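For reference, the structure discussed in these notes is given below.
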Amino acid sequence: MAKGKTTTPAADTVLVELLTEELPPKSLSALSTHFADEIINGLVRHQLKLRDFTGRRIFATPRRLATLVPDVLAVAQDRSNDESGPSATAPPEAVAGFARKKGVPVEALLQQDTPKGRVFVARTTIKGASLAAVLPEILGDAVKKLTVRKAMRWGSGDAVFARPVHGIVMMHGKRVIPGTVLETTSGTITSGHRFMGAAAIRLKSADDYEQALLEKGAVIADFAARRSEIDKQLQAEAKRQGASLGEYQELLDEVTALVEYPSVYVCGFEASFLDVPQECLTLTMRQNQKYFPLFTPDGKLLPKFLVVSNMRVKDPRAIVTGNERVVRPRLDDARFFFDQDRKVRLEARVPQLANVVYHNKLGSQLERVQRIKLLAGSIARALRLDVLKVERAAELAKADLSTGMVGEFPELQGTMGGYYALHDGEPREVAEAIGQQYRPRFAGDSLPRGPTASAVAIADKLDTLAGLFSIDEVPTGDKDPFGLRRAALGVIRIVAENQLPLPLQELVETAFGLFKNKRQAELQAFFTERLRSYFRDRGYSANEVEAVLSVSQSAIGLMLKQLEALRSFSSLPEAASLVAANKRIANILRQAEGKGESYPSAADTSGLKEAAENALFEALERAKKAAAPLLDSGDFAGYLKTFASLKGPVDAFFDKVMVMVDDSELRRNRLALLADMRRAMNRFSDISKLAA
């Protein structure tokens with residue numbers, strides 16, 4: 001190396017870590033992703049990041065947010081910058097002023113052609129950013145952009161973050177990047193597990209971070225790797241116990257954010273607690289204690305649970321007994337609420353709903369129950385159900401809102417009502433309808449079982465939709481605070497997947513019957529968009545969905561069968577020709593009607609002159625006669641396939657017959673023939689919509 005010559009450090013890995021007090025577990029995953037995104041975006045913005053984002057790593061534990069970014073320059077390359085100035089014909093004084101402002105000699109100015117004419121251009125050099133200079137600024141900006149529900153101050157300073165910050169690491173390869181963020185100076189020292197790892201770990205390089213934390217700190221820094229390790233241990237222990245874990249994925253994410261070096265241990269509780277509904281026990285274990293209940297293969301709760309500890313020890317007896325001691329009072333509380341609640345019958349709780357506000361513009365829960373009861377009764381009559389049972393379930397549906405168990409665990413509303421109804425001696429069908437009234441609660445959730453439960457669930461969701469639409473509380477953009485999209489999709493799923501003969505338009509009109517401000521059109525359009533989304537999510541194409549929705553949006557209980565029939569028809573060799581013919585017919589009729597052309601409802605056979613149009617008429621009549629009973633019986637696929645026989649006559653008709661002839665009677669007769677064919681083929685769907 002020549003004497004006095006310096007070199008710019010090559011590209012290397014950047015490590016940024018915030019070491020904190022325990023971060024909010026439910027926000028940890030989102031915080032870590034946002035943090036890493038802001039760091040890499042800042043590096044790219046300063047042109048310090050090479051190539052793409054490949055190789056970036058995101059780390060998150062209860063006590064740290066960190067990211068590794070490979071291939072980061074120590075100093076960005078200088079770059080030229082052109083700035084347009086005055087016109088090439090501008091006075092010399094203006095040109096000189098522009099050059100002086102840009103710090104370049106007048107003679108160094110360039111000239112370029114632009115849409116506004118030829119102008120002077122000042123070309124300057126922007127010095128590349130230094131990583132050492134900008135990384136503290138990038139980290140500071142990233143911290144400010146991290147959103148948390150409650151920010152904190154600590155010590156005597158003014159720094160504000162989600163939790164107190166105890167350390168910052170900023171490294172580029174083996175070099176520390178000096179800087180101060182959140183009143184904390186950066187270095188190369190991180191910290192391991194609170195009890196099992198080294199309190200101070202000096203990092204040799206940025207790339208050593210993950211391995212050093214694991215080997216010296218007893219910390220699995222990668223969130224996904226830690227989650228996978230917990231899941232593996234849970235599954236293994238559950239298998240050893242001959243049990244299953246039920247729905248545990250959401251809790252798995254939360255627990256992953258609570259530990260740095262997980263170990264799973266099995267614990268138990270007294271079998272006598274199983275007299276309490278298992279939903280109560282399961283919820284208190286998962287929600288309050290972050291335990292994983294164990295179930296038999298058929299879904300019954302076992303008197304066992306798994307705990308994910310942040311300690312890996314040879315003898316776990318102290319951990320096991322400690323957790324068993326902690327869970328017992330929680331289960332006792334659940335049993336107490338269950339016993340106390342059953343001392344008051346559900347029907348005696350209904351009048352109390354008059355004191356519970358549903359919405360300040362929609363009245364009390366009692367008023368809502370009365371509306372749901374009327375709507376559920378109407379649905380029951382349409383489905384020919386036992387109206388008294390349906391109305392009884394609707395009347396008692398919200399009574400558990402005043403119980404101690406639901407007060408403690410709002411998630412159990414409806415579920416507890418079902419248990420209490422059985423205890424009160426209500427028919428099982430009524431109790432099940434109460435317990436399942438909120439289904440489906442989320443995408444993929446099971447539907448209410450049985451027609452009585454379905455009727456109450458539909459009524460509950462329709463009342464919610466009609467009521468909130470009537471007071472203009474409708475979803476906007478991504479905001480849907482009342483879950484109206486979910487409610488509409490729930491109605492669609494219950495009706496469509498159970499093939500219930502419930503016309504959607506009549507349901508909407510009935511739901512609005514008790515509200516002053518009626519906005520059926522808006523709610524109907526809202527349902528249409530949900531129908532599109534629902535059927536698209538089921539795998540049907542946009543053209544197939546529009547073909548059905550464009551004819552009728554009422555009988556949604558039949559739409560799945562109709563869409564399957566369309567798909568089956570589309571696979572026929574004759575389909576493409578008939579779809580194209582239907583589209584052509586639709587265009588001809590639309591143009592004719594646009595010109596004020598009228599035609600009879602049926603073609604007059606005596607007025608058909610050409611052999612091709614007579615052949616089409618006869619083929620159409622035969623197809624209509626064969627198709628009618630198939631449509632009436634719900635055989636939509638067979639109905640459409642019947643019209644495949646029209647391909648030859650239709651092709652011949654368009655090849656040899658001119659529709660829009662000068663002879664008005666002949667023209668009207670041919671239009672009537674085409675209109676008749678279009679009506680016959682498109683009773684439940686417009687197959688012309690299948691054309692690409």
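FYI, nothing fancy with the structure tokens labels: chains A, B, ... in order, residues from 1 per chain, ligands from 1 as they appear.
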I'd like the contact shell of stretch 109-117 of chain A - 9 Å cut-off, only C-alpha atoms, skipping same-chain residues fewer than 3 positions apart - returned as a list in words. Ser84, Ser87, Ala88, Ala99, Val104, Pro105, Val106, Phe120, Val121, Ala122 and Arg123 of chain A
For the selection just defined, write its residues with N, CA, C and O atoms to a file, as an mmCIF file, in the first residue's frame.
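Writing done, so here's again17.cif:
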data_model
loop_
_atom_site.group_PDB
_atom_site.id
_atom_site.type_symbol
_atom_site.label_atom_id
_atom_site.label_comp_id
_atom_site.auth_asym_id
_atom_site.auth_seq_id
_atom_site.Cartn_x
_atom_site.Cartn_y
_atom_site.Cartn_z
ATOM 1 N N SER A 84 -31.964 21.813 -13.327
ATOM 2 C CA SER A 84 -32.283 22.727 -14.431
ATOM 3 C C SER A 84 -32.371 24.158 -13.928
ATOM 4 O O SER A 84 -32.816 24.428 -12.801
ATOM 5 N N SER A 87 -33.620 29.593 -18.944
ATOM 6 C CA SER A 87 -33.591 29.311 -20.380
ATOM 7 C C SER A 87 -32.232 29.674 -20.969
ATOM 8 O O SER A 87 -31.518 30.552 -20.467
ATOM 9 N N ALA A 88 -31.897 28.978 -22.052
ATOM 10 C CA ALA A 88 -30.622 29.252 -22.737
ATOM 11 C C ALA A 88 -30.589 30.667 -23.308
ATOM 12 O O ALA A 88 -29.523 31.199 -23.628
ATOM 13 N N ALA A 99 -25.682 30.035 -11.570
ATOM 14 C CA ALA A 99 -24.405 29.340 -11.371
ATOM 15 C C ALA A 99 -23.861 29.596 -9.974
ATOM 16 O O ALA A 99 -23.361 28.688 -9.298
ATOM 17 N N VAL A 104 -21.154 26.591 -9.001
ATOM 18 C CA VAL A 104 -20.343 26.150 -10.145
ATOM 19 C C VAL A 104 -20.010 27.370 -11.009
ATOM 20 O O VAL A 104 -20.775 28.344 -11.056
ATOM 21 N N PRO A 105 -18.884 27.331 -11.710
ATOM 22 C CA PRO A 105 -18.567 28.431 -12.635
ATOM 23 C C PRO A 105 -19.587 28.477 -13.775
ATOM 24 O O PRO A 105 -20.130 27.444 -14.173
ATOM 25 N N VAL A 106 -19.792 29.693 -14.308
ATOM 26 C CA VAL A 106 -20.736 29.835 -15.422
ATOM 27 C C VAL A 106 -20.319 28.967 -16.587
ATOM 28 O O VAL A 106 -21.148 28.320 -17.250
ATOM 29 N N PHE A 120 -30.233 25.981 -19.221
ATOM 30 C CA PHE A 120 -28.947 25.739 -18.578
ATOM 31 C C PHE A 120 -29.127 24.695 -17.475
ATOM 32 O O PHE A 120 -30.169 24.638 -16.809
ATOM 33 N N VAL A 121 -28.088 23.864 -17.277
ATOM 34 C CA VAL A 121 -28.116 22.809 -16.265
ATOM 35 C C VAL A 121 -26.824 22.866 -15.463
ATOM 36 O O VAL A 121 -25.731 22.949 -16.042
ATOM 37 N N ALA A 122 -26.985 22.814 -14.124
ATOM 38 C CA ALA A 122 -25.819 22.760 -13.247
ATOM 39 C C ALA A 122 -25.612 21.323 -12.799
ATOM 40 O O ALA A 122 -26.507 20.721 -12.197
ATOM 41 N N ARG A 123 -24.449 20.769 -13.112
ATOM 42 C CA ARG A 123 -24.132 19.400 -12.707
ATOM 43 C C ARG A 123 -23.202 19.456 -11.497
ATOM 44 O O ARG A 123 -22.078 19.946 -11.585
#
Determine, counting only C-alpha atoms, which protein, DNA and RNA residues have an atom within 7 Å of an atom of A:Leu131; residues of the same chain fewer than 2 positions away are not included. Present the result as a list of chain:residue names.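 The filter keeps A:Ala74, A:Val75, A:Ala129, A:Ala133, A:Val134, A:Leu135.
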Please dump the current selection as a PDB file, in the first residue's frame; keep all heavy atoms.
ATOM      1  N   ALA A  74     -19.685   0.924   3.669  1.00  0.00           N
ATOM      2  CA  ALA A  74     -19.253   1.854   4.718  1.00  0.00           C
ATOM      3  C   ALA A  74     -19.468   3.294   4.266  1.00  0.00           C
ATOM      4  O   ALA A  74     -19.818   4.169   5.059  1.00  0.00           O
ATOM      5  CB  ALA A  74     -17.783   1.628   5.056  1.00  0.00           C
ATOM      6  N   VAL A  75     -19.258   3.539   2.971  1.00  0.00           N
ATOM      7  CA  VAL A  75     -19.465   4.870   2.388  1.00  0.00           C
ATOM      8  C   VAL A  75     -20.130   4.678   1.038  1.00  0.00           C
ATOM      9  O   VAL A  75     -19.659   3.882   0.209  1.00  0.00           O
ATOM     10  CB  VAL A  75     -18.136   5.631   2.209  1.00  0.00           C
ATOM     11  CG1 VAL A  75     -18.397   7.002   1.583  1.00  0.00           C
ATOM     12  CG2 VAL A  75     -17.418   5.789   3.546  1.00  0.00           C
ATOM     13  N   ALA A 129     -23.024   9.109   1.312  1.00  0.00           N
ATOM     14  CA  ALA A 129     -23.236   9.110   2.763  1.00  0.00           C
ATOM     15  C   ALA A 129     -22.289   8.140   3.445  1.00  0.00           C
ATOM     16  O   ALA A 129     -21.931   7.094   2.898  1.00  0.00           O
ATOM     17  CB  ALA A 129     -24.681   8.738   3.072  1.00  0.00           C
ATOM     18  N   ALA A 133     -21.963   7.990   9.920  1.00  0.00           N
ATOM     19  CA  ALA A 133     -22.656   9.255  10.170  1.00  0.00           C
ATOM     20  C   ALA A 133     -24.170   9.088  10.206  1.00  0.00           C
ATOM     21  O   ALA A 133     -24.857   9.771  10.970  1.00  0.00           O
ATOM     22  CB  ALA A 133     -22.262  10.271   9.103  1.00  0.00           C
ATOM     23  N   VAL A 134     -24.699   8.184   9.364  1.00  0.00           N
ATOM     24  CA  VAL A 134     -26.161   8.135   9.212  1.00  0.00           C
ATOM     25  C   VAL A 134     -26.838   7.002   9.973  1.00  0.00           C
ATOM     26  O   VAL A 134     -28.050   7.060  10.199  1.00  0.00           O
ATOM     27  CB  VAL A 134     -26.553   8.049   7.716  1.00  0.00           C
ATOM     28  CG1 VAL A 134     -26.009   9.236   6.950  1.00  0.00           C
ATOM     29  CG2 VAL A 134     -26.106   6.733   7.090  1.00  0.00           C
ATOM     30  N   LEU A 135     -26.108   5.942  10.378  1.00  0.00           N
ATOM     31  CA  LEU A 135     -26.788   4.819  11.038  1.00  0.00           C
ATOM     32  C   LEU A 135     -27.466   5.235  12.349  1.00  0.00           C
ATOM     33  O   LEU A 135     -28.609   4.820  12.605  1.00  0.00           O
ATOM     34  CB  LEU A 135     -25.813   3.663  11.274  1.00  0.00           C
ATOM     35  CG  LEU A 135     -26.454   2.369  11.795  1.00  0.00           C
ATOM     36  CD1 LEU A 135     -27.566   1.900  10.868  1.00  0.00           C
ATOM     37  CD2 LEU A 135     -25.408   1.278  11.980  1.00  0.00           C
TER      38      LEU A 135
END
What lies within 10 Å of A:Arg538 using only C-alpha atoms, ignoring chain neighbours under 5 positions off, as a short mmCIF file (atom, residue, chain, number, x, y, z; two decimals) with N, CA and C atoms, in the first residue's frame?
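Contents of part_26.cif, freshly written:
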data_model
loop_
_atom_site.label_atom_id
_atom_site.label_comp_id
_atom_site.auth_asym_id
_atom_site.auth_seq_id
_atom_site.Cartn_x
_atom_site.Cartn_y
_atom_site.Cartn_z
N ARG A 532 -69.27 -11.93 -4.11
CA ARG A 532 -68.16 -12.04 -5.07
C ARG A 532 -66.91 -12.58 -4.39
N SER A 533 -66.57 -12.00 -3.24
CA SER A 533 -65.37 -12.43 -2.53
C SER A 533 -65.48 -13.88 -2.09
N LEU A 560 -73.88 -22.30 -5.21
CA LEU A 560 -72.74 -23.20 -5.32
C LEU A 560 -73.02 -24.29 -6.34
#
Using only C-alpha atoms, determine which residues lie at most 12 Å from A:Arg335, disregarding the query and same-chain residues fewer than 3 positions distant; provide the list as a list in words.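 Those residues are Ser272, Phe273, Leu274, Asp275, Val276, Pro277, Gln278, Glu279, Cys280, Leu281, Thr284, Arg328, Pro329, Arg330, Leu331, Asp332, Phe338, Asp339, Gln340, Asp341, Arg342, Gly404 and Met405 of chain A.
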Mind checking which residues fall within 12 Å of A:Phe654, counting only C-alpha atoms, ignoring those fewer than 4 positions away in the same chain, and posting them as a PyMOL selection string? chain A and resi 577-578+580-582+584-585+588+610+612-613+616+647-650+658-660+670+674
What's the 9 Å shell around A:Leu252, counting only C-alpha atoms, without same-chain residues fewer than 5 positions away, as a VMD selection string? chain A and resid 227 230 to 231 257 290 292
Per-residue DSSP, stretch 17-141 of chain A, filtered to strand (DSSP E), as number ranges by chain: A: 17-20, 57-61, 64-72, 79-87, 110-114, 117-126
Kindly export the residues of the current selection with N, CA and C atoms, as a tab-separated table (two decimals), in the first residue's frame.
chain	number	residue	atom	x	y	z
A	17	GLU	N	-29.15	-3.66	17.22
A	17	GLU	CA	-29.93	-4.30	18.29
A	17	GLU	C	-30.32	-3.28	19.34
A	18	LEU	N	-31.58	-3.36	19.77
A	18	LEU	CA	-32.05	-2.64	20.96
A	18	LEU	C	-32.26	-3.66	22.06
A	19	LEU	N	-31.59	-3.49	23.19
A	19	LEU	CA	-31.76	-4.37	24.34
A	19	LEU	C	-32.64	-3.64	25.35
A	20	THR	N	-33.77	-4.26	25.71
A	20	THR	CA	-34.80	-3.56	26.48
A	20	THR	C	-35.29	-4.40	27.66
A	57	ARG	N	-31.95	-10.61	8.08
A	57	ARG	CA	-32.46	-11.40	9.21
A	57	ARG	C	-33.16	-10.48	10.20
A	58	ILE	N	-34.24	-11.00	10.77
A	58	ILE	CA	-35.00	-10.27	11.79
A	58	ILE	C	-34.99	-11.09	13.07
A	59	PHE	N	-34.64	-10.46	14.18
A	59	PHE	CA	-34.58	-11.13	15.48
A	59	PHE	C	-35.51	-10.43	16.46
A	60	ALA	N	-36.14	-11.23	17.30
A	60	ALA	CA	-37.03	-10.65	18.31
A	60	ALA	C	-37.17	-11.62	19.47
A	61	THR	N	-36.87	-11.15	20.66
A	61	THR	CA	-37.11	-11.90	21.89
A	61	THR	C	-37.81	-10.95	22.85
A	64	ARG	N	-35.38	-7.92	23.28
A	64	ARG	CA	-34.55	-7.32	22.23
A	64	ARG	C	-35.28	-7.29	20.89
A	65	LEU	N	-34.95	-6.25	20.12
A	65	LEU	CA	-35.29	-6.14	18.71
A	65	LEU	C	-33.97	-6.01	17.97
A	66	ALA	N	-33.79	-6.79	16.92
A	66	ALA	CA	-32.52	-6.72	16.20
A	66	ALA	C	-32.71	-7.10	14.76
A	67	THR	N	-31.78	-6.64	13.91
A	67	THR	CA	-31.79	-7.03	12.51
A	67	THR	C	-30.36	-7.08	11.99
A	68	LEU	N	-30.12	-8.02	11.09
A	68	LEU	CA	-28.85	-8.15	10.37
A	68	LEU	C	-29.10	-7.84	8.91
A	69	VAL	N	-28.31	-6.96	8.34
A	69	VAL	CA	-28.44	-6.60	6.92
A	69	VAL	C	-27.09	-6.83	6.25
A	70	PRO	N	-26.99	-7.78	5.33
A	70	PRO	CA	-25.70	-8.04	4.67
A	70	PRO	C	-25.40	-7.03	3.58
A	71	ASP	N	-24.16	-7.00	3.16
A	71	ASP	CA	-23.72	-6.22	1.99
A	71	ASP	C	-24.06	-4.74	2.10
A	72	VAL	N	-23.66	-4.13	3.20
A	72	VAL	CA	-23.88	-2.70	3.41
A	72	VAL	C	-22.53	-1.99	3.26
A	79	ARG	N	-22.38	10.67	-6.31
A	79	ARG	CA	-23.23	10.64	-7.49
A	79	ARG	C	-23.46	12.05	-8.00
A	80	SER	N	-23.61	12.13	-9.31
A	80	SER	CA	-23.85	13.45	-9.92
A	80	SER	C	-25.32	13.80	-9.84
A	81	ASN	N	-25.55	15.10	-9.84
A	81	ASN	CA	-26.93	15.59	-9.73
A	81	ASN	C	-27.11	16.77	-10.67
A	82	ASP	N	-28.07	16.67	-11.58
A	82	ASP	CA	-28.35	17.74	-12.54
A	82	ASP	C	-29.56	18.54	-12.08
A	83	GLU	N	-29.41	19.87	-12.08
A	83	GLU	CA	-30.52	20.74	-11.72
A	83	GLU	C	-30.72	21.76	-12.83
A	84	SER	N	-31.96	21.81	-13.33
A	84	SER	CA	-32.28	22.73	-14.43
A	84	SER	C	-32.37	24.16	-13.93
A	85	GLY	N	-31.96	25.08	-14.80
A	85	GLY	CA	-31.98	26.50	-14.45
A	85	GLY	C	-32.71	27.32	-15.48
A	86	PRO	N	-32.25	28.53	-15.74
A	86	PRO	CA	-32.96	29.43	-16.65
A	86	PRO	C	-32.81	28.99	-18.11
A	87	SER	N	-33.62	29.59	-18.94
A	87	SER	CA	-33.59	29.31	-20.38
A	87	SER	C	-32.23	29.67	-20.97
A	110	LEU	N	-24.03	23.31	-18.27
A	110	LEU	CA	-24.37	22.56	-19.49
A	110	LEU	C	-25.68	23.10	-20.03
A	111	GLN	N	-25.99	22.69	-21.26
A	111	GLN	CA	-27.29	23.02	-21.85
A	111	GLN	C	-27.98	21.74	-22.28
A	112	GLN	N	-29.32	21.68	-21.99
A	112	GLN	CA	-30.09	20.49	-22.35
A	112	GLN	C	-31.43	20.92	-22.93
A	113	ASP	N	-31.95	20.07	-23.83
A	113	ASP	CA	-33.28	20.30	-24.40
A	113	ASP	C	-34.32	19.69	-23.47
A	114	THR	N	-35.37	20.45	-23.20
A	114	THR	CA	-36.47	19.97	-22.37
A	114	THR	C	-37.78	20.28	-23.10
A	117	GLY	N	-38.17	23.80	-23.77
A	117	GLY	CA	-37.13	24.47	-24.52
A	117	GLY	C	-35.75	24.17	-23.96
A	118	ARG	N	-34.71	24.79	-24.53
A	118	ARG	CA	-33.34	24.55	-24.12
A	118	ARG	C	-33.04	25.39	-22.87
A	119	VAL	N	-32.42	24.71	-21.84
A	119	VAL	CA	-32.15	25.40	-20.58
A	119	VAL	C	-30.72	25.12	-20.14
A	120	PHE	N	-30.23	25.98	-19.22
A	120	PHE	CA	-28.95	25.74	-18.58
A	120	PHE	C	-29.13	24.69	-17.48
A	121	VAL	N	-28.09	23.86	-17.28
A	121	VAL	CA	-28.12	22.81	-16.26
A	121	VAL	C	-26.82	22.87	-15.46
A	122	ALA	N	-26.98	22.81	-14.12
A	122	ALA	CA	-25.82	22.76	-13.25
A	122	ALA	C	-25.61	21.32	-12.80
A	123	ARG	N	-24.45	20.77	-13.11
A	123	ARG	CA	-24.13	19.40	-12.71
A	123	ARG	C	-23.20	19.46	-11.50
A	124	THR	N	-23.71	18.94	-10.37
A	124	THR	CA	-22.92	18.94	-9.13
A	124	THR	C	-22.72	17.50	-8.66
A	125	THR	N	-21.80	17.34	-7.74
A	125	THR	CA	-21.52	16.02	-7.18
A	125	THR	C	-22.01	15.97	-5.74
A	126	ILE	N	-22.82	14.95	-5.47
A	126	ILE	CA	-23.30	14.73	-4.11
A	126	ILE	C	-22.43	13.67	-3.48
Residues near A:Val259, cut-off 8 Å, only C-alpha atoms, skip fewer than 5 positions along chain, as a list in words: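 The contact residues come out as Thr61, Pro62, Ser309 and Asn310 of chain A.
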Give me every alpha helix (DSSP H) residue in stretch 14-114 of chain A, going by DSSP on the backbone, as number ranges by chain. A: 28-45, 92-102
Nearest-residue call for A:Gly363, choices A:Phe337, A:Phe223, A:Phe684, A:Phe515, using only C-alpha atoms: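 Answer, going by the shortest atom-to-atom distance: A:Phe515.
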From the list A:Leu646, A:Leu15, A:Ala151, A:Leu630, which residue is nearest A:Met170 when using only C-alpha atoms?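 For A:Met170, the nearest of the candidates is A:Leu15.
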Taken to one decimal, the atom CA of A:Phe195-atom CA of A:Gly155 distance is 24.0 Å
Report, in Å with one decimal, the straight-line distance from atom CA of A:Val308 to atom CA of A:Leu234. 8.4 Å
State, in Å with one decimal place, the distance from atom CA of A:Val344 to atom CA of A:Pro440.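 We find that atom CA of A:Val344 and atom CA of A:Pro440 lie 28.6 Å from each other.
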Given only C-alpha atoms, how would the per-residue table for stretch 176-271 of chain A near stretch 27-32 of chain A read, listing every residue at most 10 Å away with its closest atom pair and distance in Å to one decimal, sorted by chain and number, as JSON lines?
{"residue": "A:Phe223", "atom": "CA", "partner": "A:Ser29", "partner_atom": "CA", "distance": 7.6}
{"residue": "A:Ala224", "atom": "CA", "partner": "A:Ser29", "partner_atom": "CA", "distance": 9.5}
{"residue": "A:Asp253", "atom": "CA", "partner": "A:Ser29", "partner_atom": "CA", "distance": 8.4}
{"residue": "A:Glu254", "atom": "CA", "partner": "A:Leu28", "partner_atom": "CA", "distance": 8.6}
{"residue": "A:Thr256", "atom": "CA", "partner": "A:Leu28", "partner_atom": "CA", "distance": 9.4}
{"residue": "A:Ala257", "atom": "CA", "partner": "A:Leu28", "partner_atom": "CA", "distance": 6.3}
{"residue": "A:Leu258", "atom": "CA", "partner": "A:Leu28", "partner_atom": "CA", "distance": 9.3}
Could you give me, as a tab-separated table, a per-residue list for stretch 404-461 of chain A showing, wherever an atom lies at most 9 Å from an atom of stretch 374-390 of chain A, the closest pair of atoms and their distance in Å to one decimal, using only C-alpha atoms and sorting by chain then residue number from low to high?
residue	atom	partner	partner_atom	distance
A:Pro427	CA	A:Lys389	CA	8.1
A:Glu429	CA	A:Lys389	CA	7.6
A:Val430	CA	A:Lys389	CA	6.1
A:Ala433	CA	A:Val390	CA	8.0
A:Pro451	CA	A:Leu385	CA	7.5
A:Thr452	CA	A:Val390	CA	5.6
A:Ala453	CA	A:Val390	CA	7.8
A:Ala455	CA	A:Ala376	CA	5.7
A:Val456	CA	A:Ala376	CA	5.5
A:Ala457	CA	A:Ala376	CA	8.5
A:Ile458	CA	A:Ala376	CA	7.6
A:Ala459	CA	A:Ala376	CA	5.1
A:Asp460	CA	A:Ala376	CA	8.1
Using only C-alpha atoms for the distances, tell me which of A:Leu302, A:Leu401, A:Arg392, A:Arg194 is nearest to A:Gln352.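 Checking each of A:Leu302, A:Leu401, A:Arg392, A:Arg194 against A:Gln352, counting only C-alpha atoms, the winner is A:Leu401.
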Which of A:Glu497, A:Glu215, A:Glu107, A:Glu347 sits closest to A:Glu426 [using only C-alpha atoms]: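 Once distances to A:Glu426 are computed over only C-alpha atoms, the minimum belongs to A:Glu347.
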